[in-house]
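Structure data follow from query07.txt (compact mmCIF, C-alpha atoms):
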```txt
# COMPACT_ATOMS: atom_id res chain seq x y z
CA MET A 19 -2.63 13.96 17.69
CA ASN A 20 -2.35 14.28 13.92
CA VAL A 21 -3.31 11.13 12.03
CA PHE A 22 -2.62 10.84 8.31
CA HIS A 23 -5.05 8.45 6.61
CA VAL A 24 -4.02 7.00 3.27
CA ASN A 25 -7.28 5.71 1.86
CA SER A 26 -7.60 5.20 -1.89
CA ASN A 27 -11.28 4.24 -1.55
CA TYR A 28 -12.49 6.85 0.92
CA LEU A 29 -15.42 8.27 -1.05
CA THR A 30 -16.62 4.91 -2.36
CA SER A 31 -18.14 3.78 0.96
CA LYS A 32 -19.69 5.82 3.75
CA LEU A 33 -18.07 3.59 6.37
CA HIS A 34 -14.82 5.59 6.14
CA GLU A 35 -16.60 8.88 6.81
CA ASN A 36 -18.40 7.32 9.78
CA LEU A 37 -15.07 6.35 11.33
CA ILE A 38 -13.57 9.82 10.83
CA ASP A 39 -16.70 11.40 12.34
CA LYS A 40 -16.06 9.49 15.56
CA LEU A 41 -12.31 10.08 15.55
CA GLU A 42 -12.83 13.85 15.16
CA SER A 43 -15.17 13.84 18.16
CA LYS A 44 -12.29 12.40 20.21
CA LYS A 45 -10.06 15.41 19.52
CA LEU A 46 -7.90 13.81 16.85
CA HIS A 47 -7.03 15.76 13.77
CA ASN A 48 -7.41 13.57 10.69
CA THR A 49 -5.99 14.34 7.26
CA ILE A 50 -7.27 12.00 4.55
CA TYR A 51 -5.29 11.44 1.39
CA MET A 52 -7.09 9.70 -1.48
CA PRO A 53 -4.75 9.56 -4.50
CA MET A 54 -6.61 8.43 -7.58
CA LYS A 55 -7.10 8.34 -11.33
CA LYS A 56 -9.71 10.74 -12.75
CA GLU A 57 -12.14 7.88 -13.58
CA LYS A 58 -12.50 7.22 -9.85
CA ARG A 59 -14.76 10.26 -9.56
CA ASN A 60 -17.56 8.19 -11.10
CA GLU A 61 -17.50 6.01 -7.98
CA PHE A 62 -17.92 8.83 -5.44
CA LEU A 63 -20.96 8.30 -3.21
CA PHE A 64 -20.90 11.48 -1.09
CA GLU A 65 -19.05 14.69 -0.28
CA SER A 66 -16.86 14.58 2.81
CA LYS A 67 -17.00 17.25 5.50
CA HIS A 68 -13.49 16.45 6.69
CA ASP A 69 -9.94 17.38 5.64
CA LEU A 70 -9.95 15.24 2.51
CA HIS A 71 -7.58 15.56 -0.45
CA THR A 72 -8.42 13.79 -3.73
CA PRO A 73 -5.66 14.64 -6.24
CA ILE A 74 -5.37 12.97 -9.63
CA ALA A 75 -2.05 11.26 -8.91
CA PHE A 76 -1.85 8.67 -11.70
CA ASN A 77 -3.72 7.40 -14.77
CA HIS A 78 -5.52 4.15 -15.53
CA VAL A 79 -2.47 2.64 -17.27
CA ASP A 80 -0.20 3.18 -14.25
CA ARG A 81 -2.10 0.65 -12.16
CA TYR A 82 -0.51 -2.13 -14.23
CA VAL A 83 2.96 -1.14 -13.01
CA PHE A 84 2.67 -1.04 -9.22
CA HIS A 85 5.97 0.59 -8.29
CA TYR A 86 5.74 3.25 -10.99
CA LYS A 87 2.24 4.12 -9.81
CA GLN A 88 3.52 4.28 -6.24
CA LYS A 89 6.36 6.60 -7.26
CA LYS A 90 3.86 9.02 -8.81
CA ILE A 91 1.76 8.90 -5.62
CA ARG A 92 4.80 9.73 -3.46
CA GLU A 93 5.73 12.65 -5.69
CA ASN A 94 2.18 13.96 -5.47
CA LEU A 95 2.09 13.53 -1.69
CA LYS A 96 5.35 15.45 -1.29
CA GLU A 97 3.84 18.40 -3.17
CA LEU A 98 0.77 18.54 -0.91
CA PHE A 99 2.01 17.76 2.60
CA ASN A 100 4.87 18.04 5.05
CA PRO A 101 5.00 14.49 6.45
CA ASN A 102 6.81 15.72 9.55
CA ASN A 103 3.48 17.17 10.71
CA PHE A 104 1.97 13.71 11.17
CA ASP A 105 2.24 11.55 14.29
CA VAL A 106 0.78 8.32 12.89
CA VAL A 107 -0.12 7.02 9.43
CA HIS A 108 -3.13 4.74 8.97
CA ALA A 109 -3.10 2.88 5.66
CA HIS A 110 -6.55 1.51 4.90
CA THR A 111 -5.46 -1.20 2.45
CA LEU A 112 -2.35 -3.35 2.57
CA PHE A 113 -0.85 -2.78 -0.87
CA THR A 114 -1.99 0.47 -2.50
CA ASP A 115 -2.17 2.45 0.75
CA GLY A 116 0.22 0.38 2.82
CA TYR A 117 3.18 0.90 0.52
CA VAL A 118 2.77 4.67 0.86
CA ALA A 119 2.85 4.28 4.65
CA TYR A 120 5.86 1.97 4.47
CA ARG A 121 7.88 4.50 2.45
CA LEU A 122 6.87 7.36 4.76
CA LYS A 123 8.19 5.37 7.71
CA GLU A 124 11.36 4.53 5.82
CA LYS A 125 12.08 8.20 5.04
CA TYR A 126 10.54 10.11 7.96
CA ASN A 127 10.33 7.43 10.68
CA ILE A 128 6.56 7.91 11.09
CA PRO A 129 4.90 4.83 12.64
CA TYR A 130 2.04 3.27 10.73
CA ILE A 131 -0.83 0.86 11.13
CA VAL A 132 -2.26 -0.98 8.16
CA THR A 133 -5.69 -2.52 7.59
CA VAL A 134 -5.77 -5.77 5.61
CA ARG A 135 -8.93 -6.30 3.56
CA GLY A 136 -9.77 -9.77 2.33
CA GLY A 137 -11.16 -8.77 -1.07
CA THR A 138 -8.45 -6.85 -2.88
CA ASP A 139 -5.48 -7.44 -0.59
CA ILE A 140 -5.77 -11.22 -0.34
CA HIS A 141 -7.97 -12.39 -3.24
CA VAL A 142 -6.31 -10.10 -5.79
CA PHE A 143 -2.82 -9.02 -4.70
CA PHE A 144 -1.59 -11.98 -2.65
CA LYS A 145 -3.43 -14.64 -4.61
CA ARG A 146 -2.82 -13.48 -8.17
CA MET A 147 0.09 -11.00 -8.19
CA PHE A 148 2.99 -13.27 -7.27
CA HIS A 149 5.56 -10.60 -8.08
CA LEU A 150 4.17 -8.34 -5.32
CA ARG A 151 3.99 -10.87 -2.50
CA ASN A 152 7.37 -9.86 -1.08
CA THR A 153 6.25 -6.23 -1.15
CA GLY A 154 3.18 -7.15 0.88
CA LYS A 155 5.30 -9.07 3.38
CA LYS A 156 7.66 -6.11 3.71
CA ILE A 157 4.74 -3.79 4.48
CA LEU A 158 3.42 -6.21 7.11
CA LYS A 159 6.83 -6.73 8.72
CA ASN A 160 7.48 -3.00 9.14
CA ALA A 161 3.96 -2.04 10.29
CA ASP A 162 3.64 -1.05 13.93
CA GLN A 163 0.14 -2.54 14.15
CA ILE A 164 -1.98 -4.57 11.74
CA ILE A 165 -5.78 -4.52 11.64
CA PHE A 166 -7.86 -7.35 10.21
CA LEU A 167 -11.62 -7.04 9.71
CA SER A 168 -12.17 -10.64 10.78
CA GLU A 169 -10.39 -13.66 12.19
CA VAL A 170 -11.06 -15.45 8.89
CA THR A 171 -9.07 -12.83 6.98
CA ARG A 172 -6.10 -13.07 9.35
CA THR A 173 -6.08 -16.86 9.27
CA LYS A 174 -6.35 -16.94 5.49
CA LEU A 175 -3.41 -14.57 5.05
CA VAL A 176 -1.11 -16.20 7.60
CA ASP A 177 -1.86 -19.83 6.74
CA GLU A 178 -1.88 -19.53 2.96
CA PHE A 179 0.73 -16.90 2.17
CA ILE A 180 3.12 -16.46 5.11
CA LYS A 181 5.45 -19.45 5.31
CA ASN A 182 8.28 -17.87 7.30
CA ARG A 183 7.70 -18.74 10.98
CA GLU A 184 9.33 -15.57 12.31
CA LEU A 185 7.22 -13.30 10.10
CA LYS A 186 4.10 -15.29 10.96
CA GLN A 187 4.70 -14.71 14.68
CA ASN A 188 5.51 -11.05 14.00
CA ILE A 189 2.14 -10.55 12.27
CA LEU A 190 0.13 -12.44 14.89
CA GLY A 191 1.83 -10.61 17.73
CA LYS A 192 0.97 -7.11 16.53
CA SER A 193 -2.44 -7.64 14.94
CA GLN A 194 -5.97 -7.00 16.15
CA ILE A 195 -9.42 -7.87 14.84
CA ILE A 196 -11.57 -4.76 14.36
CA PRO A 197 -14.63 -5.16 12.12
CA ASN A 198 -16.27 -2.40 10.15
CA GLY A 199 -19.08 -0.52 11.86
CA ILE A 200 -22.51 0.39 10.58
CA ASP A 201 -24.13 3.81 10.41
CA ASP A 202 -25.76 5.27 13.53
CA PHE A 203 -29.02 5.21 11.55
CA TRP A 204 -29.39 1.50 12.29
CA PHE A 205 -28.99 2.07 16.02
CA LYS A 206 -31.53 4.88 16.06
CA ASN A 207 -34.02 2.68 14.19
CA ALA A 208 -33.47 -0.74 15.77
CA GLY A 209 -36.12 -3.33 15.03
CA LYS A 210 -37.94 -5.79 17.26
CA GLN A 211 -37.77 -9.53 17.80
CA LYS A 212 -39.44 -11.33 14.90
CA LYS A 213 -41.75 -14.31 14.71
CA ILE A 214 -42.82 -16.56 11.86
CA GLU A 215 -46.46 -17.53 11.84
CA ASN A 216 -46.15 -20.14 9.08
CA THR A 217 -42.78 -21.87 8.55
CA GLN A 218 -44.06 -23.30 5.24
CA LYS A 219 -44.19 -19.81 3.72
CA LEU A 220 -40.97 -17.84 3.97
CA LYS A 221 -40.05 -14.32 2.93
CA ILE A 222 -36.34 -14.15 2.12
CA ILE A 223 -34.32 -11.00 1.44
CA SER A 224 -30.90 -10.60 -0.22
CA VAL A 225 -29.17 -7.23 -0.54
CA GLY A 226 -26.09 -6.63 -2.66
CA LYS A 227 -24.77 -5.72 -6.07
CA LYS A 228 -26.42 -7.80 -8.78
CA LEU A 229 -23.41 -9.70 -10.02
CA LYS A 230 -22.13 -13.25 -9.99
CA LYS A 231 -19.95 -13.09 -6.87
CA LYS A 232 -22.94 -12.18 -4.68
CA ASN A 233 -24.47 -15.56 -5.60
CA PHE A 234 -28.16 -14.67 -5.81
CA ILE A 235 -28.56 -17.76 -7.98
CA GLY A 236 -27.23 -19.96 -5.18
CA THR A 237 -29.92 -18.52 -2.91
CA ILE A 238 -32.60 -19.18 -5.54
CA GLN A 239 -31.45 -22.78 -5.98
CA ALA A 240 -31.61 -23.29 -2.21
CA LEU A 241 -35.18 -21.98 -2.13
CA ASN A 242 -36.05 -24.26 -5.06
CA TYR A 243 -34.71 -27.16 -3.00
CA LEU A 244 -36.86 -26.22 0.00
CA LYS A 245 -39.90 -26.15 -2.26
CA ASN A 246 -39.23 -29.48 -3.92
CA GLU A 247 -38.00 -31.42 -0.88
CA TYR A 248 -39.96 -29.89 1.99
CA ASN A 249 -42.91 -28.22 0.30
CA ILE A 250 -41.79 -24.87 1.74
CA GLU A 251 -42.99 -21.98 -0.38
CA SER A 252 -40.79 -18.89 -0.38
CA TYR A 253 -40.59 -15.48 -1.94
CA LEU A 254 -37.29 -13.69 -2.58
CA GLU A 255 -36.65 -9.96 -2.62
CA ALA A 256 -33.33 -9.28 -4.33
CA ILE A 257 -32.30 -5.68 -3.71
CA GLY A 258 -29.31 -3.89 -5.22
CA LYS A 259 -27.90 -2.16 -8.25
CA THR A 260 -27.73 -4.29 -11.41
CA TYR A 261 -24.22 -4.71 -12.81
CA GLU A 262 -24.78 -7.74 -15.04
CA GLU A 263 -28.07 -7.86 -16.99
CA SER A 264 -27.39 -11.40 -18.16
CA TYR A 265 -27.15 -12.48 -14.52
CA ILE A 266 -30.62 -11.08 -13.80
CA LYS A 267 -32.05 -13.07 -16.71
CA GLN A 268 -30.37 -16.23 -15.44
CA MET A 269 -31.81 -15.65 -11.97
CA HIS A 270 -35.34 -15.69 -13.37
CA LEU A 271 -34.65 -18.69 -15.61
CA ASP A 272 -33.45 -20.70 -12.60
CA ALA A 273 -36.19 -19.62 -10.21
CA GLU A 274 -39.05 -21.96 -9.32
CA ILE A 275 -40.20 -19.50 -6.67
CA PRO A 276 -41.31 -15.83 -7.03
CA VAL A 277 -38.36 -13.41 -7.26
CA GLU A 278 -38.73 -9.65 -7.15
CA ASN A 279 -35.77 -7.63 -8.38
CA ILE A 280 -35.53 -4.22 -6.75
CA SER A 281 -32.89 -1.66 -7.68
CA ALA A 282 -30.70 0.07 -5.10
CA ILE A 283 -32.82 2.02 -2.60
CA SER A 284 -32.21 4.39 0.29
CA ARG A 285 -31.62 3.02 3.77
CA GLU A 286 -34.91 4.62 4.82
CA GLU A 287 -36.68 2.43 2.27
CA LEU A 288 -34.48 -0.59 2.92
CA ILE A 289 -35.35 -0.72 6.60
CA GLY A 290 -38.99 -1.37 5.70
CA HIS A 291 -38.00 -4.28 3.48
CA TYR A 292 -35.88 -5.81 6.24
CA ARG A 293 -38.83 -5.62 8.63
CA GLU A 294 -41.20 -7.28 6.16
CA ASN A 295 -38.98 -10.35 5.59
CA ASP A 296 -38.03 -13.37 7.68
CA ILE A 297 -34.41 -14.27 6.93
CA PHE A 298 -31.48 -12.48 5.29
CA VAL A 299 -29.54 -14.73 2.89
CA LEU A 300 -26.37 -13.69 1.02
CA PRO A 301 -23.92 -16.57 0.39
CA SER A 302 -21.32 -14.55 -1.53
CA PHE A 303 -18.42 -16.28 -3.25
CA SER A 304 -16.13 -13.59 -1.80
CA GLU A 305 -16.83 -10.90 0.79
CA THR A 306 -14.39 -8.47 2.42
CA PHE A 307 -16.75 -7.96 5.32
CA GLY A 308 -20.40 -7.34 4.43
CA LEU A 309 -22.08 -4.44 6.21
CA VAL A 310 -25.48 -5.71 5.08
CA TYR A 311 -25.33 -8.57 7.58
CA PRO A 312 -25.27 -6.41 10.75
CA GLU A 313 -27.71 -3.96 9.14
CA ALA A 314 -30.19 -6.82 8.66
CA MET A 315 -29.48 -8.05 12.19
CA SER A 316 -30.43 -4.63 13.57
CA GLN A 317 -33.97 -5.36 12.36
CA GLY A 318 -34.12 -8.77 14.03
CA LEU A 319 -33.30 -10.83 10.94
CA PRO A 320 -31.33 -14.06 11.28
CA VAL A 321 -28.60 -14.16 8.62
CA ILE A 322 -27.02 -16.70 6.28
CA TYR A 323 -23.43 -15.88 5.22
CA SER A 324 -20.52 -17.66 3.52
CA ALA A 325 -18.05 -19.84 5.37
CA ASN A 326 -14.43 -18.61 5.31
CA GLU A 327 -15.34 -15.12 4.12
CA GLY A 328 -15.35 -11.76 5.91
CA PHE A 329 -18.37 -12.15 8.19
CA HIS A 330 -17.70 -15.74 9.20
CA LYS A 331 -16.66 -16.29 12.86
CA GLN A 332 -17.84 -12.89 14.01
CA PHE A 333 -20.22 -14.96 16.16
CA ALA A 334 -20.66 -18.57 17.23
CA GLU A 335 -22.52 -20.75 14.76
CA GLY A 336 -26.24 -20.65 15.40
CA GLU A 337 -26.12 -17.51 17.52
CA ILE A 338 -27.29 -15.08 14.84
CA GLY A 339 -27.45 -17.45 11.89
CA TYR A 340 -25.18 -19.86 10.03
CA ALA A 341 -22.22 -20.01 7.66
CA VAL A 342 -22.74 -21.98 4.46
CA ASN A 343 -20.84 -23.36 1.51
CA PRO A 344 -21.83 -20.89 -1.26
CA ASN A 345 -21.35 -23.62 -3.86
CA ASP A 346 -23.85 -25.95 -2.19
CA PRO A 347 -27.53 -24.90 -2.43
CA GLU A 348 -28.54 -27.89 -0.31
CA ASP A 349 -26.29 -26.68 2.51
CA ILE A 350 -27.86 -23.21 2.27
CA ALA A 351 -31.32 -24.77 2.42
CA ASN A 352 -30.43 -26.93 5.42
CA LYS A 353 -29.09 -23.94 7.34
CA ILE A 354 -32.35 -22.09 6.68
CA LEU A 355 -34.14 -25.10 8.20
CA LEU A 356 -31.90 -24.88 11.27
CA ILE A 357 -32.85 -21.22 11.71
CA LEU A 358 -36.53 -22.13 11.56
CA LYS A 359 -36.09 -24.60 14.45
CA ASN A 360 -34.91 -21.80 16.76
CA TYR A 361 -36.16 -18.72 14.95
CA GLU A 362 -37.39 -16.47 17.76
CA SER A 363 -34.31 -17.03 19.91
CA ILE A 364 -31.95 -16.28 17.01
CA SER A 365 -33.95 -13.17 16.12
CA GLU A 366 -33.64 -11.96 19.70
CA ASN A 367 -29.87 -12.63 19.65
CA THR A 368 -29.36 -10.50 16.54
CA LEU A 369 -30.79 -7.43 18.28
CA GLN A 370 -28.01 -7.58 20.86
CA ALA A 371 -25.22 -8.94 18.68
CA TYR A 372 -25.32 -6.19 16.04
CA LYS A 373 -24.25 -3.65 18.67
CA LYS A 374 -20.74 -5.04 18.25
CA PHE A 375 -20.57 -2.91 15.10
CA ASN A 376 -21.05 0.48 16.78
CA TRP A 377 -18.55 3.00 15.38
CA GLU A 378 -18.28 4.78 18.74
CA ASN A 379 -16.75 1.73 20.39
CA LEU A 380 -14.66 0.80 17.37
CA ALA A 381 -13.24 4.34 17.18
CA ASN A 382 -12.18 4.09 20.83
CA ARG A 383 -10.12 1.04 19.91
CA TYR A 384 -8.45 2.93 17.06
CA VAL A 385 -7.61 5.86 19.35
CA SER A 386 -6.01 3.43 21.79
CA ILE A 387 -3.93 1.92 18.97
CA TYR A 388 -2.85 5.32 17.65
CA ASN A 389 -1.74 6.37 21.13
CA HIS A 390 0.11 3.10 21.69
CA VAL A 391 1.92 3.35 18.36
CA LYS A 392 2.87 6.99 18.93
CA ARG A 393 4.26 6.30 22.42
CA ASN A 394 6.39 3.42 21.18
```

Please re-express this file's structure in structure tokens.
Amino acid sequence: MNVFHVNSNYLTSKLHENLIDKLESKKLHNTIYMPMKKEKRNEFLFESKHDLHTPIAFNHVDRYVFHYKQKKIRENLKELFNPNNFDVVHAHTLFTDGYVAYRLKEKYNIPYIVTVRGGTDIHVFFKRMFHLRNTGKKILKNADQIIFLSEVTRTKLVDEFIKNRELKQNILGKSQIIPNGIDDFWFKNAGKQKKIENTQKLKIISVGKKLKKKNFIGTIQALNYLKNEYNIESYLEAIGKTYEESYIKQMHLDAEIPVENISAISREELIGHYRENDIFVLPSFSETFGLVYPEAMSQGLPVIYSANEGFHKQFAEGEIGYAVNPNDPEDIANKILLILKNYESISENTLQAYKKFNWENLANRYVSIYNHVKRN
């Protein structure tokens, strides 16, 4: 089977390469099309070993006029490929990639599946770009299958933006929840069940880009609260690339506990930091999924994550950690206290639960969907 992947962010996260690795091992031929502006090259994280095409299809101004940008992408695609060679199209975002898939189906009758991502697709396109909502609905209506990374994302889209009952049922009837997977590295280097010798001295770790939406300050305020109300001393390791220097300064101004800022590090280094800490806390204001949560779980760390964002409802509350209100430091602090009451059991649960994010199993589900869509 020939699968045509339209993925405008392919080289900006290794998760896409991990998926294609597994799909190739299952005898699928995958062609990846990543149309982009030239500035996108600054965001590349790796070189792909697969059949990847990264043409400069538009410029930075075109992104302000969606349909003109899409027209330029279609013209570029037509120069590079014969769409009749493809059995299935997989669009990896709803709008930018999904519209390409929609037009390919319209002209060549190629079935497509589309992945809806909470960050850009819902928080940016559906929420802010009112003039494109009907375009998004059209893409969803004509998709053969729809993939959501989490139940939260599906519920948010359907409840907030899809008012037509028939379309709502159409989306629910042909959608599946398939989360992102994590690199095999984390399975080859799984950690052990953790224990805390002294619950009055905690080592907390947060991993993410140093910017406002990751809410490091909310974590700091929660740890301040634990110190002032419960006499719990804590130490925070904040790991990730700095994007906003002013935010780093504010973190230190707000902190009443020791905070160590560490720049982005390799996974080989990161695994040691996970093993040295007690709880992973990242109450982001918005999160498409959050690969760092299952990565931390692979090392036996209970996790704190945001309610109604990408990772929420992957597991029952209290199984591997707790969802929190990112705007409420007291809630974050109280959920940390709940983890401490059942720490060893939760740590043990994480070492089984993270296996849900194995790309081998997730790829099998995609192969099944591709086959189903092709047959129908």

Checklist entry - So, counting all atoms listed in the file, which residue among A:Val83, A:Gln194, A:Gln163, A:Ile140 is closest to Glu178 of chain A? => result A:Ile140

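Taking only C-alpha atoms into account, Met315 of chain A lies nearest to A:Ala371 out of the set A:Ala371, A:Ala282, A:Ile189, A:Val118.
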
Checklist entry - By how many Å are atom CA of Lys145 of chain A and atom CA of Lys192 of chain A apart? => result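 That distance, rounded to one decimal, is 22.9 Å.
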
Where is the centre and how long are the edges: axis-aligned box on segment 109-120 of chain A, 8 Å on each side, Å to one decimal, as JSON:
```
{"center_x": -0.3, "center_y": 0.7, "center_z": 1.6, "size_x": 28.4, "size_y": 24.0, "size_z": 24.2}
```

Checklist outcome for this item: Among A:Ala334, A:Asn36, A:Lys373, A:Asn352, Tyr248 of chain A is approached most closely, using all atoms listed in the file, by A:Asn352

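Of the listed residues A:Lys227, A:Lys45, A:His23, A:Lys392, the one whose atoms come nearest to Asp115 of chain A is A:His23, with distances taken using only C-alpha atoms.
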
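Among A:Lys67, A:Tyr130, A:Pro344, A:Thr217, the residue with the shortest atom-to-atom distance to Asp39 of chain A, counting all atoms listed in the file, is A:Lys67.
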
Checklist entry - What lies within 6 Å of Val299 of chain A using only C-alpha atoms, ignoring chain neighbours under 2 positions off, as a PyMOL selection string? => result chain A and resi 224+321-322

Leaving out Pro53 of chain A and any residue of its chain fewer than 3 positions from it, which residues lie within 8 Å of it when counting all atoms listed in the file, given as a PDB file with C-alpha atoms, keeping the file's coordinate frame?
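Written file, out-v4.pdb:
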```
ATOM      1  CA  ASN A  25      -7.280   5.710   1.860  1.00  0.00           C
ATOM      2  CA  SER A  26      -7.600   5.200  -1.890  1.00  0.00           C
ATOM      3  CA  HIS A  71      -7.580  15.560  -0.450  1.00  0.00           C
ATOM      4  CA  THR A  72      -8.420  13.790  -3.730  1.00  0.00           C
ATOM      5  CA  PRO A  73      -5.660  14.640  -6.240  1.00  0.00           C
ATOM      6  CA  ILE A  74      -5.370  12.970  -9.630  1.00  0.00           C
ATOM      7  CA  ALA A  75      -2.050  11.260  -8.910  1.00  0.00           C
ATOM      8  CA  PHE A  76      -1.850   8.670 -11.700  1.00  0.00           C
ATOM      9  CA  ILE A  91       1.760   8.900  -5.620  1.00  0.00           C
TER      10      ILE A  91
END
```

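The spacing separating atom CA of Glu348 of chain A from atom CA of Tyr243 of chain A amounts to 6.8 Å.
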
Checklist entry - Mind pulling up the distance from atom CA of Trp377 of chain A to atom CA of Ile157 of chain A? => result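 Going from atom CA of Ile157 of chain A over to atom CA of Trp377 of chain A covers 26.6 Å.
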